[in-house]
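Engineer: For reference, this is query-v3.pdb, and it has PDB, C-alpha atoms.
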```pdb
MODEL        1
ATOM      1  CA  MET M 499       2.320  66.783  26.986
ATOM      2  CA  THR M 500       1.104  66.679  23.443
ATOM      3  CA  TRP M 501      -0.862  63.600  22.350
ATOM      4  CA  ARG M 502      -0.595  62.486  18.786
ATOM      5  CA  ARG M 503      -2.500  59.820  17.059
ATOM      6  CA  PRO M 504      -0.303  57.070  15.636
ATOM      7  CA  HIS M 505       0.128  57.238  11.909
ATOM      8  CA  ARG M 506      -2.518  55.237  10.142
ATOM      9  CA  PRO M 507      -1.699  54.091   6.624
ATOM     10  CA  ASP M 508      -4.106  55.277   4.027
ATOM     11  CA  SER M 509      -6.150  52.913   1.878
ATOM     12  CA  ALA M 510      -3.527  52.910  -0.885
ATOM     13  CA  ASP M 511      -0.831  51.712   1.540
ATOM     14  CA  LEU M 512      -3.114  48.980   2.855
ATOM     15  CA  LEU M 513      -3.936  47.772  -0.631
ATOM     16  CA  THR M 514      -0.246  47.705  -1.553
ATOM     17  CA  LYS M 515       0.634  45.681   1.553
ATOM     18  CA  LEU M 516      -2.280  43.307   0.967
ATOM     19  CA  GLY M 517      -1.161  42.831  -2.608
ATOM     20  CA  GLN M 518       2.365  41.950  -1.487
ATOM     21  CA  LEU M 519       1.122  39.411   1.056
ATOM     22  CA  THR M 520      -1.269  37.904  -1.481
ATOM     23  CA  ALA M 521       1.535  37.562  -4.028
ATOM     24  CA  ARG M 522       3.744  35.793  -1.494
ATOM     25  CA  ALA M 523       0.919  33.454  -0.510
ATOM     26  CA  ARG M 524       0.168  32.725  -4.151
ATOM     27  CA  GLU M 525       3.830  31.969  -4.848
ATOM     28  CA  GLY M 526       3.936  29.568  -1.896
ATOM     29  CA  ALA M 527       0.697  27.876  -2.904
ATOM     30  CA  GLU M 528       1.780  27.601  -6.535
ATOM     31  CA  LEU M 529       5.133  26.134  -5.489
ATOM     32  CA  GLN M 530       3.426  23.563  -3.274
ATOM     33  CA  GLN M 531       0.922  22.740  -5.994
ATOM     34  CA  ALA M 532       3.747  22.324  -8.488
ATOM     35  CA  ARG M 533       5.490  19.901  -6.120
ATOM     36  CA  VAL M 534       2.281  17.904  -5.713
ATOM     37  CA  GLN M 535       1.675  17.778  -9.463
ATOM     38  CA  LEU M 536       5.265  16.704 -10.087
ATOM     39  CA  ALA M 537       5.054  13.943  -7.475
ATOM     40  CA  GLU M 538       1.751  12.707  -8.900
ATOM     41  CA  ALA M 539       3.087  12.742 -12.467
ATOM     42  CA  LEU M 540       6.206  10.835 -11.426
ATOM     43  CA  GLN M 541       4.068   8.389  -9.455
ATOM     44  CA  ARG M 542       1.840   7.570 -12.395
ATOM     45  CA  GLU M 543       4.784   7.285 -14.796
ATOM     46  CA  LEU M 544       6.553   4.849 -12.471
ATOM     47  CA  LEU M 545       3.515   2.611 -12.010
ATOM     48  CA  PRO M 546       3.204  -0.147 -14.644
ATOM     49  CA  ALA M 547       0.970   0.497 -17.634
ATOM     50  CA  SER M 548      -0.292  -3.094 -17.487
ATOM     51  CA  LEU M 549       0.023  -6.211 -15.348
ATOM     52  CA  PRO M 550       1.039  -9.676 -16.551
ATOM     53  CA  ALA M 551      -1.389 -12.583 -16.643
ATOM     54  CA  LEU M 552      -1.309 -16.339 -17.107
ATOM     55  CA  PRO M 553      -3.966 -18.933 -17.858
ATOM     56  CA  GLY M 554      -5.795 -19.290 -14.563
ATOM     57  CA  LEU M 555      -4.567 -15.982 -13.088
ATOM     58  CA  ARG M 556      -5.781 -12.446 -13.799
ATOM     59  CA  ALA M 557      -4.615  -9.224 -12.172
ATOM     60  CA  ALA M 558      -5.893  -5.652 -11.894
ATOM     61  CA  ALA M 559      -4.927  -2.601  -9.861
ATOM     62  CA  ARG M 560      -6.024   0.877  -8.827
ATOM     63  CA  TYR M 561      -4.192   3.921  -7.483
ATOM     64  CA  ALA M 562      -5.635   7.127  -6.004
ATOM     65  CA  PRO M 563      -3.797  10.186  -4.648
ATOM     66  CA  ALA M 564      -4.620  11.525  -1.203
ATOM     67  CA  ARG M 565      -7.713  13.704  -0.961
ATOM     68  CA  ARG M 566      -5.708  16.486   0.669
ATOM     69  CA  GLY M 567      -3.501  16.624  -2.421
ATOM     70  CA  LEU M 568      -0.327  16.768  -0.317
ATOM     71  CA  ASP M 569       0.334  13.226   0.911
ATOM     72  CA  ILE M 570       1.363  11.659  -2.378
ATOM     73  CA  GLY M 571       4.303   9.784  -3.754
ATOM     74  CA  GLY M 572       4.863   6.676  -1.664
ATOM     75  CA  ASP M 573       2.489   3.898  -2.753
ATOM     76  CA  TRP M 574       3.097   1.468  -5.603
ATOM     77  CA  TYR M 575       2.005  -1.812  -7.156
ATOM     78  CA  ASP M 576       3.837  -3.922  -9.711
ATOM     79  CA  GLY M 577       3.732  -7.206 -11.588
ATOM     80  CA  PHE M 578       6.458  -8.859 -13.656
ATOM     81  CA  ARG M 579       7.548 -12.184 -15.100
ATOM     82  CA  VAL M 580      10.309 -14.144 -13.380
ATOM     83  CA  PRO M 581      12.302 -17.244 -14.388
ATOM     84  CA  GLY M 582      10.521 -20.588 -14.545
ATOM     85  CA  GLY M 583       7.393 -19.187 -16.161
ATOM     86  CA  ALA M 584       6.225 -17.694 -12.857
ATOM     87  CA  LEU M 585       4.821 -14.250 -12.073
ATOM     88  CA  ALA M 586       5.772 -11.907  -9.249
ATOM     89  CA  PHE M 587       3.620  -9.132  -7.801
ATOM     90  CA  SER M 588       4.523  -6.457  -5.288
ATOM     91  CA  ILE M 589       2.723  -3.689  -3.464
ATOM     92  CA  GLY M 590       4.197  -1.246  -0.999
ATOM     93  CA  ASP M 591       4.308   2.112   0.698
ATOM     94  CA  VAL M 592       7.319   4.399   1.133
ATOM     95  CA  GLN M 593       7.599   6.490   4.272
ATOM     96  CA  GLY M 594       7.179  10.114   3.275
ATOM     97  CA  HIS M 595       4.938  11.964   0.830
ATOM     98  CA  ASP M 596       6.912  14.059  -1.620
ATOM     99  CA  VAL M 597       9.093  13.863  -4.718
ATOM    100  CA  ALA M 598      11.867  12.160  -2.740
ATOM    101  CA  ALA M 599       9.450   9.415  -1.655
ATOM    102  CA  THR M 600       8.363   8.949  -5.261
ATOM    103  CA  ALA M 601      11.966   8.590  -6.408
ATOM    104  CA  PHE M 602      12.706   6.109  -3.627
ATOM    105  CA  MET M 603       9.602   4.137  -4.593
ATOM    106  CA  GLY M 604      10.985   3.784  -8.099
ATOM    107  CA  GLN M 605      14.281   2.520  -6.714
ATOM    108  CA  VAL M 606      12.539  -0.084  -4.550
ATOM    109  CA  ARG M 607      10.496  -1.361  -7.503
ATOM    110  CA  VAL M 608      13.573  -1.662  -9.716
ATOM    111  CA  CYS M 609      15.489  -3.365  -6.923
ATOM    112  CA  LEU M 610      12.741  -5.959  -6.398
ATOM    113  CA  ARG M 611      12.584  -6.662 -10.125
ATOM    114  CA  ALA M 612      16.360  -7.011 -10.412
ATOM    115  CA  VAL M 613      16.712  -9.370  -7.442
ATOM    116  CA  GLY M 614      13.559 -11.277  -8.421
ATOM    117  CA  ALA M 615      15.108 -12.034 -11.819
ATOM    118  CA  VAL M 616      17.773 -14.208 -10.209
ATOM    119  CA  VAL M 617      16.250 -15.266  -6.856
ATOM    120  CA  THR M 618      13.037 -17.308  -6.652
ATOM    121  CA  ASP M 619      12.225 -17.278  -2.929
ATOM    122  CA  PRO M 620      10.198 -14.115  -2.032
ATOM    123  CA  GLY M 621      11.707 -13.942   1.456
ATOM    124  CA  GLU M 622      15.206 -14.032   0.037
ATOM    125  CA  VAL M 623      14.277 -11.395  -2.534
ATOM    126  CA  LEU M 624      13.136  -9.051   0.244
ATOM    127  CA  GLY M 625      16.253  -9.804   2.275
ATOM    128  CA  LYS M 626      18.634  -8.968  -0.567
ATOM    129  CA  ALA M 627      16.622  -5.924  -1.605
ATOM    130  CA  ASN M 628      16.751  -4.740   1.998
ATOM    131  CA  GLU M 629      20.555  -4.898   2.012
ATOM    132  CA  VAL M 630      20.740  -2.960  -1.266
ATOM    133  CA  LEU M 631      18.486  -0.223   0.084
ATOM    134  CA  LEU M 632      20.488   0.009   3.301
ATOM    135  CA  ALA M 633      23.675   0.396   1.262
ATOM    136  CA  MET M 634      22.101   3.402  -0.481
ATOM    137  CA  ASP M 635      22.123   5.137   2.930
ATOM    138  CA  SER M 636      18.720   6.744   2.425
ATOM    139  CA  GLU M 637      16.701   8.116   5.318
ATOM    140  CA  LEU M 638      13.552   6.590   3.817
ATOM    141  CA  PHE M 639      12.148   3.084   4.218
ATOM    142  CA  ALA M 640       9.313   1.085   2.673
ATOM    143  CA  THR M 641       6.781  -1.527   3.684
ATOM    144  CA  CYS M 642       6.108  -4.182   1.078
ATOM    145  CA  THR M 643       4.404  -7.476   0.216
ATOM    146  CA  LEU M 644       5.903  -9.673  -2.508
ATOM    147  CA  LEU M 645       4.129 -12.649  -4.103
ATOM    148  CA  ARG M 646       5.361 -15.328  -6.510
ATOM    149  CA  PHE M 647       2.856 -17.494  -8.392
ATOM    150  CA  ASP M 648       4.000 -20.776  -9.956
ATOM    151  CA  PRO M 649       1.485 -21.833 -12.625
ATOM    152  CA  HIS M 650       2.894 -25.370 -12.780
ATOM    153  CA  THR M 651       2.141 -26.192  -9.147
ATOM    154  CA  GLY M 652      -0.538 -23.632  -8.329
ATOM    155  CA  GLU M 653       1.559 -22.459  -5.388
ATOM    156  CA  LEU M 654       1.513 -18.855  -4.231
ATOM    157  CA  ALA M 655       4.515 -17.892  -2.095
ATOM    158  CA  SER M 656       4.451 -14.564  -0.281
ATOM    159  CA  ALA M 657       6.654 -12.519   2.038
ATOM    160  CA  ARG M 658       5.808  -9.379   3.961
ATOM    161  CA  ALA M 659       8.026  -6.508   5.114
ATOM    162  CA  GLY M 660       6.013  -4.597   7.695
ATOM    163  CA  HIS M 661       3.091  -4.231   5.307
ATOM    164  CA  VAL M 662      -0.708  -4.355   5.645
ATOM    165  CA  PRO M 663      -1.956  -7.980   5.484
ATOM    166  CA  SER M 664      -3.659  -9.201   2.335
ATOM    167  CA  VAL M 665      -7.294 -10.341   2.183
ATOM    168  CA  TRP M 666      -8.501 -13.487   0.418
ATOM    169  CA  ALA M 667     -11.608 -15.546  -0.256
ATOM    170  CA  THR M 668     -12.563 -18.587  -2.325
ATOM    171  CA  VAL M 669     -15.703 -19.366  -4.295
ATOM    172  CA  GLY M 670     -16.408 -22.155  -1.813
ATOM    173  CA  GLY M 671     -16.874 -19.707   1.050
ATOM    174  CA  ARG M 672     -13.459 -19.789   2.712
ATOM    175  CA  TYR M 673     -11.895 -16.419   3.528
ATOM    176  CA  GLY M 674      -9.407 -14.678   5.763
ATOM    177  CA  ILE M 675      -6.967 -11.871   6.488
ATOM    178  CA  ALA M 676      -3.428 -13.142   5.919
ATOM    179  CA  GLU M 677      -1.661 -11.886   9.032
ATOM    180  CA  TYR M 678       1.180 -14.381   8.724
ATOM    181  CA  ASP M 679       4.717 -13.786   9.961
ATOM    182  CA  GLY M 680       6.785 -11.218   8.103
ATOM    183  CA  GLY M 681       9.669  -8.945   8.926
ATOM    184  CA  PRO M 682      10.538  -5.260   9.382
ATOM    185  CA  PRO M 683      10.157  -2.638   6.630
ATOM    186  CA  LEU M 684      12.805  -2.528   3.920
ATOM    187  CA  GLY M 685      15.680  -0.201   4.647
ATOM    188  CA  THR M 686      15.497  -0.308   8.451
ATOM    189  CA  VAL M 687      17.415  -3.329   9.824
ATOM    190  CA  SER M 688      20.251  -5.365   8.309
ATOM    191  CA  ASP M 689      20.620  -9.164   8.130
ATOM    192  CA  VAL M 690      16.890  -9.888   8.177
ATOM    193  CA  ARG M 691      15.241 -13.207   7.263
ATOM    194  CA  TYR M 692      11.720 -12.712   5.974
ATOM    195  CA  ALA M 693       9.217 -15.505   6.598
ATOM    196  CA  VAL M 694       7.573 -17.007   3.517
ATOM    197  CA  THR M 695       3.961 -18.193   3.432
ATOM    198  CA  ARG M 696       3.098 -20.818   0.815
ATOM    199  CA  ARG M 697      -0.478 -21.491  -0.255
ATOM    200  CA  SER M 698      -1.713 -24.058  -2.726
ATOM    201  CA  LEU M 699      -4.463 -22.363  -4.724
ATOM    202  CA  VAL M 700      -6.601 -25.476  -5.036
ATOM    203  CA  GLU M 701      -9.870 -23.570  -5.350
ATOM    204  CA  ALA M 702     -10.861 -20.539  -7.413
ATOM    205  CA  GLY M 703     -10.882 -17.254  -5.557
ATOM    206  CA  SER M 704      -9.424 -13.774  -5.194
ATOM    207  CA  ILE M 705      -6.555 -12.202  -3.254
ATOM    208  CA  VAL M 706      -6.458  -8.478  -2.527
ATOM    209  CA  LEU M 707      -3.279  -6.626  -1.631
ATOM    210  CA  LEU M 708      -3.532  -3.008  -0.568
ATOM    211  CA  THR M 709      -1.833  -0.121   1.176
ATOM    212  CA  ASP M 710      -2.969   1.413   4.443
ATOM    213  CA  GLY M 711      -4.458   4.434   2.661
ATOM    214  CA  VAL M 712      -7.267   2.139   1.506
ATOM    215  CA  VAL M 713      -8.317   0.878   4.929
ATOM    216  CA  GLU M 714      -7.225   3.520   7.432
ATOM    217  CA  GLY M 715      -8.148   7.167   7.897
ATOM    218  CA  PRO M 716      -7.849   9.930  10.500
ATOM    219  CA  SER M 717     -10.826   8.551  12.451
ATOM    220  CA  PHE M 718     -11.219   5.212  10.692
ATOM    221  CA  PRO M 719      -9.473   2.203  12.332
ATOM    222  CA  ILE M 720      -7.605  -0.206  10.067
ATOM    223  CA  GLU M 721      -9.492  -3.197  11.510
ATOM    224  CA  GLU M 722     -12.806  -1.797  10.260
ATOM    225  CA  GLY M 723     -11.308  -1.090   6.861
ATOM    226  CA  LEU M 724      -9.971  -4.638   6.518
ATOM    227  CA  ASP M 725     -13.350  -6.040   7.537
ATOM    228  CA  ARG M 726     -15.065  -3.995   4.810
ATOM    229  CA  VAL M 727     -12.591  -5.236   2.221
ATOM    230  CA  LEU M 728     -13.065  -8.812   3.414
ATOM    231  CA  HIS M 729     -16.828  -8.501   2.894
ATOM    232  CA  LEU M 730     -16.294  -7.286  -0.680
ATOM    233  CA  VAL M 731     -13.829 -10.064  -1.468
ATOM    234  CA  ARG M 732     -16.182 -12.727  -0.099
ATOM    235  CA  GLU M 733     -18.975 -11.430  -2.330
ATOM    236  CA  ALA M 734     -16.844 -11.262  -5.487
ATOM    237  CA  ALA M 735     -14.350 -14.134  -5.007
ATOM    238  CA  GLY M 736     -13.056 -15.470  -8.306
ATOM    239  CA  GLY M 737     -14.751 -12.731 -10.331
ATOM    240  CA  ASP M 738     -13.456  -9.915 -12.509
ATOM    241  CA  PRO M 739     -10.360  -8.485 -10.753
ATOM    242  CA  ASP M 740     -10.841  -5.043 -12.296
ATOM    243  CA  GLU M 741     -14.359  -4.730 -10.926
ATOM    244  CA  LEU M 742     -13.250  -5.908  -7.495
ATOM    245  CA  ALA M 743     -10.314  -3.462  -7.455
ATOM    246  CA  ALA M 744     -12.726  -0.611  -8.195
ATOM    247  CA  GLU M 745     -15.054  -1.687  -5.383
ATOM    248  CA  VAL M 746     -12.198  -2.033  -2.882
ATOM    249  CA  MET M 747     -10.939   1.445  -3.755
ATOM    250  CA  LYS M 748     -14.338   2.814  -2.710
ATOM    251  CA  VAL M 749     -13.445   1.799   0.851
ATOM    252  CA  ALA M 750     -10.713   4.439   0.685
ATOM    253  CA  ASP M 751     -13.364   7.031  -0.102
ATOM    254  CA  SER M 752     -15.179   6.184   3.130
ATOM    255  CA  THR M 753     -12.004   6.541   5.199
ATOM    256  CA  GLY M 754     -11.275  10.001   3.781
ATOM    257  CA  HIS M 755      -7.882   8.566   2.853
ATOM    258  CA  ALA M 756      -5.420  11.141   4.134
ATOM    259  CA  ASP M 757      -2.716   9.006   2.512
ATOM    260  CA  ASP M 758      -2.516   7.872  -1.097
ATOM    261  CA  ALA M 759      -3.980   4.448  -1.780
ATOM    262  CA  ALA M 760      -3.198   1.430  -3.957
ATOM    263  CA  VAL M 761      -5.036  -1.843  -4.570
ATOM    264  CA  LEU M 762      -3.808  -4.968  -6.379
ATOM    265  CA  VAL M 763      -6.263  -7.830  -7.039
ATOM    266  CA  LEU M 764      -5.404 -11.367  -8.188
ATOM    267  CA  SER M 765      -8.252 -13.639  -9.298
ATOM    268  CA  HIS M 766      -7.263 -17.271  -9.744
ATOM    269  CA  GLU M 767      -8.788 -20.525 -10.873
ATOM    270  CA  GLY M 768      -8.459 -23.695  -8.839
ATOM    271  CA  HIS M 769      -5.464 -25.959  -9.394
ATOM    272  CA  GLY M 770      -7.205 -29.268  -8.582
ATOM    273  CA  ALA M 771      -7.616 -31.138  -5.323
ATOM    274  CA  HIS M 772      -4.601 -31.025  -3.029
ATOM    275  CA  GLU M 773      -3.413 -34.120  -1.260
ATOM    276  CA  GLY M 774      -4.403 -34.016   2.384
ATOM    277  CA  ASP M 775      -7.194 -31.440   2.123
ATOM    278  CA  GLY M 776      -9.909 -34.100   2.242
ATOM    279  CA  GLY M 777     -11.309 -32.907  -1.079
ATOM    280  CA  SER M 778     -12.591 -29.701   0.526
ATOM    281  CA  GLY M 779     -10.688 -27.421  -1.808
ATOM    282  CA  GLY M 780      -9.470 -25.379   1.148
ATOM    283  CA  PRO M 781      -6.086 -23.625   1.197
ATOM    284  CA  ASP M 782      -3.018 -25.517   2.337
ATOM    285  CA  VAL M 783      -0.846 -22.920   4.108
ATOM    286  CA  ARG M 784       2.750 -23.339   5.244
ATOM    287  CA  VAL M 785       4.987 -20.686   6.766
ATOM    288  CA  THR M 786       8.749 -21.101   6.642
ATOM    289  CA  PRO M 787      10.950 -19.477   9.319
ATOM    290  CA  GLY M 788      11.442 -15.751   9.452
ATOM    291  CA  PRO M 789      12.989 -13.488  12.079
ATOM    292  CA  GLU M 790      10.664 -14.836  14.814
ATOM    293  CA  GLY M 791      11.237 -18.522  14.052
ATOM    294  CA  PRO M 792       8.972 -21.083  12.398
ATOM    295  CA  ALA M 793       5.197 -20.921  12.429
ATOM    296  CA  VAL M 794       2.482 -23.070  10.939
ATOM    297  CA  VAL M 795      -1.040 -21.870  10.184
TER     298      VAL M 795
ENDMDL
END
```
Let me see the file written as structure tokens.
Structural biologist:
Amino acid sequence: MTWRRPHRPDSADLLTKLGQLTARAREGAELQQARVQLAEALQRELLPASLPALPGLRAAARYAPARRGLDIGGDWYDGFRVPGGALAFSIGDVQGHDVAATAFMGQVRVCLRAVGAVVTDPGEVLGKANEVLLAMDSELFATCTLLRFDPHTGELASARAGHVPSVWATVGGRYGIAEYDGGPPLGTVSDVRYAVTRRSLVEAGSIVLLTDGVVEGPSFPIEEGLDRVLHLVREAAGGDPDELAAEVMKVADSTGHADDAAVLVLSHEGHGAHEGDGGSGGPDVRVTPGPEGPAVV
């Protein structure tokens, strides 16, 4: 029997093969990078250039893409004027992190604006928007919080669709995490009634809405993130909303935010003493029925 050594490619063959593999890897990386850049560009174009304000109410926001550079495209914030001289604000997070999620985010924002132009109740707005999104037959869904501020009464009405609770504090030292009743994410279940929480903003303070990328990371529990945000809001209640938004976004840096992150801050003045609050200036909160029935906080 004759033994032969297996053919070993020479250095030129190895370099050629390595070059081919490198070219394929570069093409894949460049394609992925192009997708990320496109999603980020679309995201920033779809976010509002400015937020509305009224005497006694100021708003500011921040957005940051994921640190990994891949999980991008689903978070948004928005603010717009609605009939009756009121303002509406929304923040949300689309399931998925790609160009399709960015496009769906734009559709959700437009849908909320369109319904909000003719419907005043935030819970009803979410309910009708939910039906529209279901009719689109998309595989995606979105969590969302929608607020409506009435400057004439000082009332803030809010509804939540599976979204992270907001955080609030007043200059008088009251504070909390608004884990009131809500409903399922938009685009998941039909015929949903979303509970509405109504607060009389009788004392100056700040309200922070955010997405889970701000307060949750791979090894960072959401409870700890919300507690950190609550501490910041307590320290800066009623102050400059832009400065507070920047400070809250730093919490995302500590979580290593694997997801993109958005923050929306509302700073409000007091609307005078509210009947029944004993002159304390504390919030008067009422929750109207949602899918789980009535609740009062």
Engineer: So how many Å separate atom CA of M:Leu585 and atom CA of M:Pro550, to one decimal?
Structural biologist: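 Here the two named atoms are 7.4 Å from each other.
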Engineer: Which residues, written as a VMD selection string, have at least one atom at most 7 Å from M:Val712, with only C-alpha atoms counted and residues fewer than 3 positions away on the same chain left out?
Structural biologist: chain M and resid 708 to 709 747 749 to 750 755 759 to 760
Engineer: Kindly resolve the PyMOL selection byres ((chain M and resi 762) around 7) on the present coordinates and return the residues as a PyMOL selection string.
Structural biologist: chain M and resi 558-560+575+706-708+743+760-761+763-764
Engineer: With distances taken over only C-alpha atoms, which of M:Arg607, M:Ala586, M:Leu549, M:Asp757 is nearest to M:Pro716?
Structural biologist: M:Asp757
Engineer: Which of these, M:Gly614, M:Gly737, M:Gly572, M:Pro553, has the shortest distance to M:Phe602 once you count only C-alpha atoms?
Structural biologist: M:Gly572
Engineer: List, as a list in words, every residue that the PyMOL selection byres ((chain M and resi 666-676) around 9) selects in the file provided.
Structural biologist: Pro663, Ser664, Val665, Glu677, Tyr678, Glu701, Ala702, Gly703, Ser704, Ile705, Val706, Leu707, Leu724, Asp725, Leu728, Val731, Arg732, Glu733, Ala734, Ala735, Gly736, Ser778, Gly779, Gly780 and Pro781 of chain M
Engineer: Print the selection's residues with C-alpha atoms to a file, as a JSON list (two decimals), in the frame of the given file.
Structural biologist:
```
[["chain", "number", "residue", "atom", "x", "y", "z"],
["M", 663, "PRO", "CA", -1.96, -7.98, 5.48],
["M", 664, "SER", "CA", -3.66, -9.20, 2.34],
["M", 665, "VAL", "CA", -7.29, -10.34, 2.18],
["M", 677, "GLU", "CA", -1.66, -11.89, 9.03],
["M", 678, "TYR", "CA", 1.18, -14.38, 8.72],
["M", 701, "GLU", "CA", -9.87, -23.57, -5.35],
["M", 702, "ALA", "CA", -10.86, -20.54, -7.41],
["M", 703, "GLY", "CA", -10.88, -17.25, -5.56],
["M", 704, "SER", "CA", -9.42, -13.77, -5.19],
["M", 705, "ILE", "CA", -6.56, -12.20, -3.25],
["M", 706, "VAL", "CA", -6.46, -8.48, -2.53],
["M", 707, "LEU", "CA", -3.28, -6.63, -1.63],
["M", 724, "LEU", "CA", -9.97, -4.64, 6.52],
["M", 725, "ASP", "CA", -13.35, -6.04, 7.54],
["M", 728, "LEU", "CA", -13.06, -8.81, 3.41],
["M", 731, "VAL", "CA", -13.83, -10.06, -1.47],
["M", 732, "ARG", "CA", -16.18, -12.73, -0.10],
["M", 733, "GLU", "CA", -18.98, -11.43, -2.33],
["M", 734, "ALA", "CA", -16.84, -11.26, -5.49],
["M", 735, "ALA", "CA", -14.35, -14.13, -5.01],
["M", 736, "GLY", "CA", -13.06, -15.47, -8.31],
["M", 778, "SER", "CA", -12.59, -29.70, 0.53],
["M", 779, "GLY", "CA", -10.69, -27.42, -1.81],
["M", 780, "GLY", "CA", -9.47, -25.38, 1.15],
["M", 781, "PRO", "CA", -6.09, -23.62, 1.20]]
```
Engineer: Under the PyMOL selection byres ((chain M and resi 552) around 12), which residues of this model are included? Write them out as a JSON list (two decimals) with C-alpha atoms, in the frame of the given file.
Structural biologist:
```
[["chain", "number", "residue", "atom", "x", "y", "z"],
["M", 549, "LEU", "CA", 0.02, -6.21, -15.35],
["M", 550, "PRO", "CA", 1.04, -9.68, -16.55],
["M", 551, "ALA", "CA", -1.39, -12.58, -16.64],
["M", 553, "PRO", "CA", -3.97, -18.93, -17.86],
["M", 554, "GLY", "CA", -5.80, -19.29, -14.56],
["M", 555, "LEU", "CA", -4.57, -15.98, -13.09],
["M", 556, "ARG", "CA", -5.78, -12.45, -13.80],
["M", 557, "ALA", "CA", -4.62, -9.22, -12.17],
["M", 577, "GLY", "CA", 3.73, -7.21, -11.59],
["M", 578, "PHE", "CA", 6.46, -8.86, -13.66],
["M", 579, "ARG", "CA", 7.55, -12.18, -15.10],
["M", 583, "GLY", "CA", 7.39, -19.19, -16.16],
["M", 584, "ALA", "CA", 6.22, -17.69, -12.86],
["M", 585, "LEU", "CA", 4.82, -14.25, -12.07],
["M", 586, "ALA", "CA", 5.77, -11.91, -9.25],
["M", 647, "PHE", "CA", 2.86, -17.49, -8.39],
["M", 648, "ASP", "CA", 4.00, -20.78, -9.96],
["M", 649, "PRO", "CA", 1.48, -21.83, -12.62],
["M", 650, "HIS", "CA", 2.89, -25.37, -12.78],
["M", 652, "GLY", "CA", -0.54, -23.63, -8.33],
["M", 764, "LEU", "CA", -5.40, -11.37, -8.19],
["M", 765, "SER", "CA", -8.25, -13.64, -9.30],
["M", 766, "HIS", "CA", -7.26, -17.27, -9.74],
["M", 767, "GLU", "CA", -8.79, -20.52, -10.87]]
```
Engineer: Do a neighbour search on M:Ala655 at 10 Å with only C-alpha atoms, toss out local chain neighbours closer than 4 positions, and write the hits as a list in words.
Structural biologist: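 Once the nearby chain positions are removed, what remains is Ala586, Thr618, Asp619, Pro620, Gly621, Leu644, Leu645, Arg646, Phe647, Asp648, Val694, Thr695, Arg696, Arg697, Ser698, Val783, Arg784 and Val785 of chain M.
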Engineer: In terms of the shortest atom-to-atom distance over only C-alpha atoms, which of M:Ser656, M:Ser588, M:Thr686, M:Thr651 is closest to M:Met634?
Structural biologist: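 Nearest to M:Met634: M:Thr686.
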Engineer: With all atoms listed in the file as the atoms that count, which of M:Thr641, M:Leu545, M:Arg726, M:Glu622 lies nearest to M:Ala601?
Structural biologist: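 The closest residue to M:Ala601 is M:Leu545.
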Engineer: What gap, in Å, lies between atom CA of M:Gly680 and atom CA of M:Ala633?
Structural biologist: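 Atom-to-atom, atom CA of M:Gly680 to atom CA of M:Ala633, that is 21.6 Å.
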Engineer: What would stretch 725-733 of chain M look like with N, CA, C and O atoms restored, written as a JSON list (two decimals), in the coordinates of the input?
Structural biologist:
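The resulting result00.json:
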```
[["chain", "number", "residue", "atom", "x", "y", "z"],
["M", 725, "ASP", "N", -12.09, -5.29, 7.50],
["M", 725, "ASP", "CA", -13.35, -6.04, 7.54],
["M", 725, "ASP", "C", -14.23, -5.68, 6.34],
["M", 725, "ASP", "O", -14.90, -6.55, 5.76],
["M", 726, "ARG", "N", -14.26, -4.41, 5.96],
["M", 726, "ARG", "CA", -15.06, -4.00, 4.81],
["M", 726, "ARG", "C", -14.52, -4.62, 3.53],
["M", 726, "ARG", "O", -15.28, -5.08, 2.67],
["M", 727, "VAL", "N", -13.20, -4.63, 3.40],
["M", 727, "VAL", "CA", -12.59, -5.24, 2.22],
["M", 727, "VAL", "C", -12.89, -6.73, 2.19],
["M", 727, "VAL", "O", -13.21, -7.30, 1.14],
["M", 728, "LEU", "N", -12.80, -7.37, 3.34],
["M", 728, "LEU", "CA", -13.06, -8.81, 3.41],
["M", 728, "LEU", "C", -14.49, -9.12, 2.94],
["M", 728, "LEU", "O", -14.72, -10.11, 2.22],
["M", 729, "HIS", "N", -15.44, -8.30, 3.33],
["M", 729, "HIS", "CA", -16.83, -8.50, 2.89],
["M", 729, "HIS", "C", -16.93, -8.42, 1.37],
["M", 729, "HIS", "O", -17.61, -9.25, 0.74],
["M", 730, "LEU", "N", -16.26, -7.44, 0.77],
["M", 730, "LEU", "CA", -16.29, -7.29, -0.68],
["M", 730, "LEU", "C", -15.66, -8.48, -1.38],
["M", 730, "LEU", "O", -16.18, -8.96, -2.40],
["M", 731, "VAL", "N", -14.53, -8.95, -0.84],
["M", 731, "VAL", "CA", -13.83, -10.06, -1.47],
["M", 731, "VAL", "C", -14.67, -11.33, -1.38],
["M", 731, "VAL", "O", -14.72, -12.13, -2.32],
["M", 732, "ARG", "N", -15.32, -11.55, -0.25],
["M", 732, "ARG", "CA", -16.18, -12.73, -0.10],
["M", 732, "ARG", "C", -17.32, -12.72, -1.12],
["M", 732, "ARG", "O", -17.69, -13.76, -1.66],
["M", 733, "GLU", "N", -17.86, -11.54, -1.40],
["M", 733, "GLU", "CA", -18.98, -11.43, -2.33],
["M", 733, "GLU", "C", -18.53, -11.62, -3.78],
["M", 733, "GLU", "O", -19.33, -12.08, -4.61]]
```
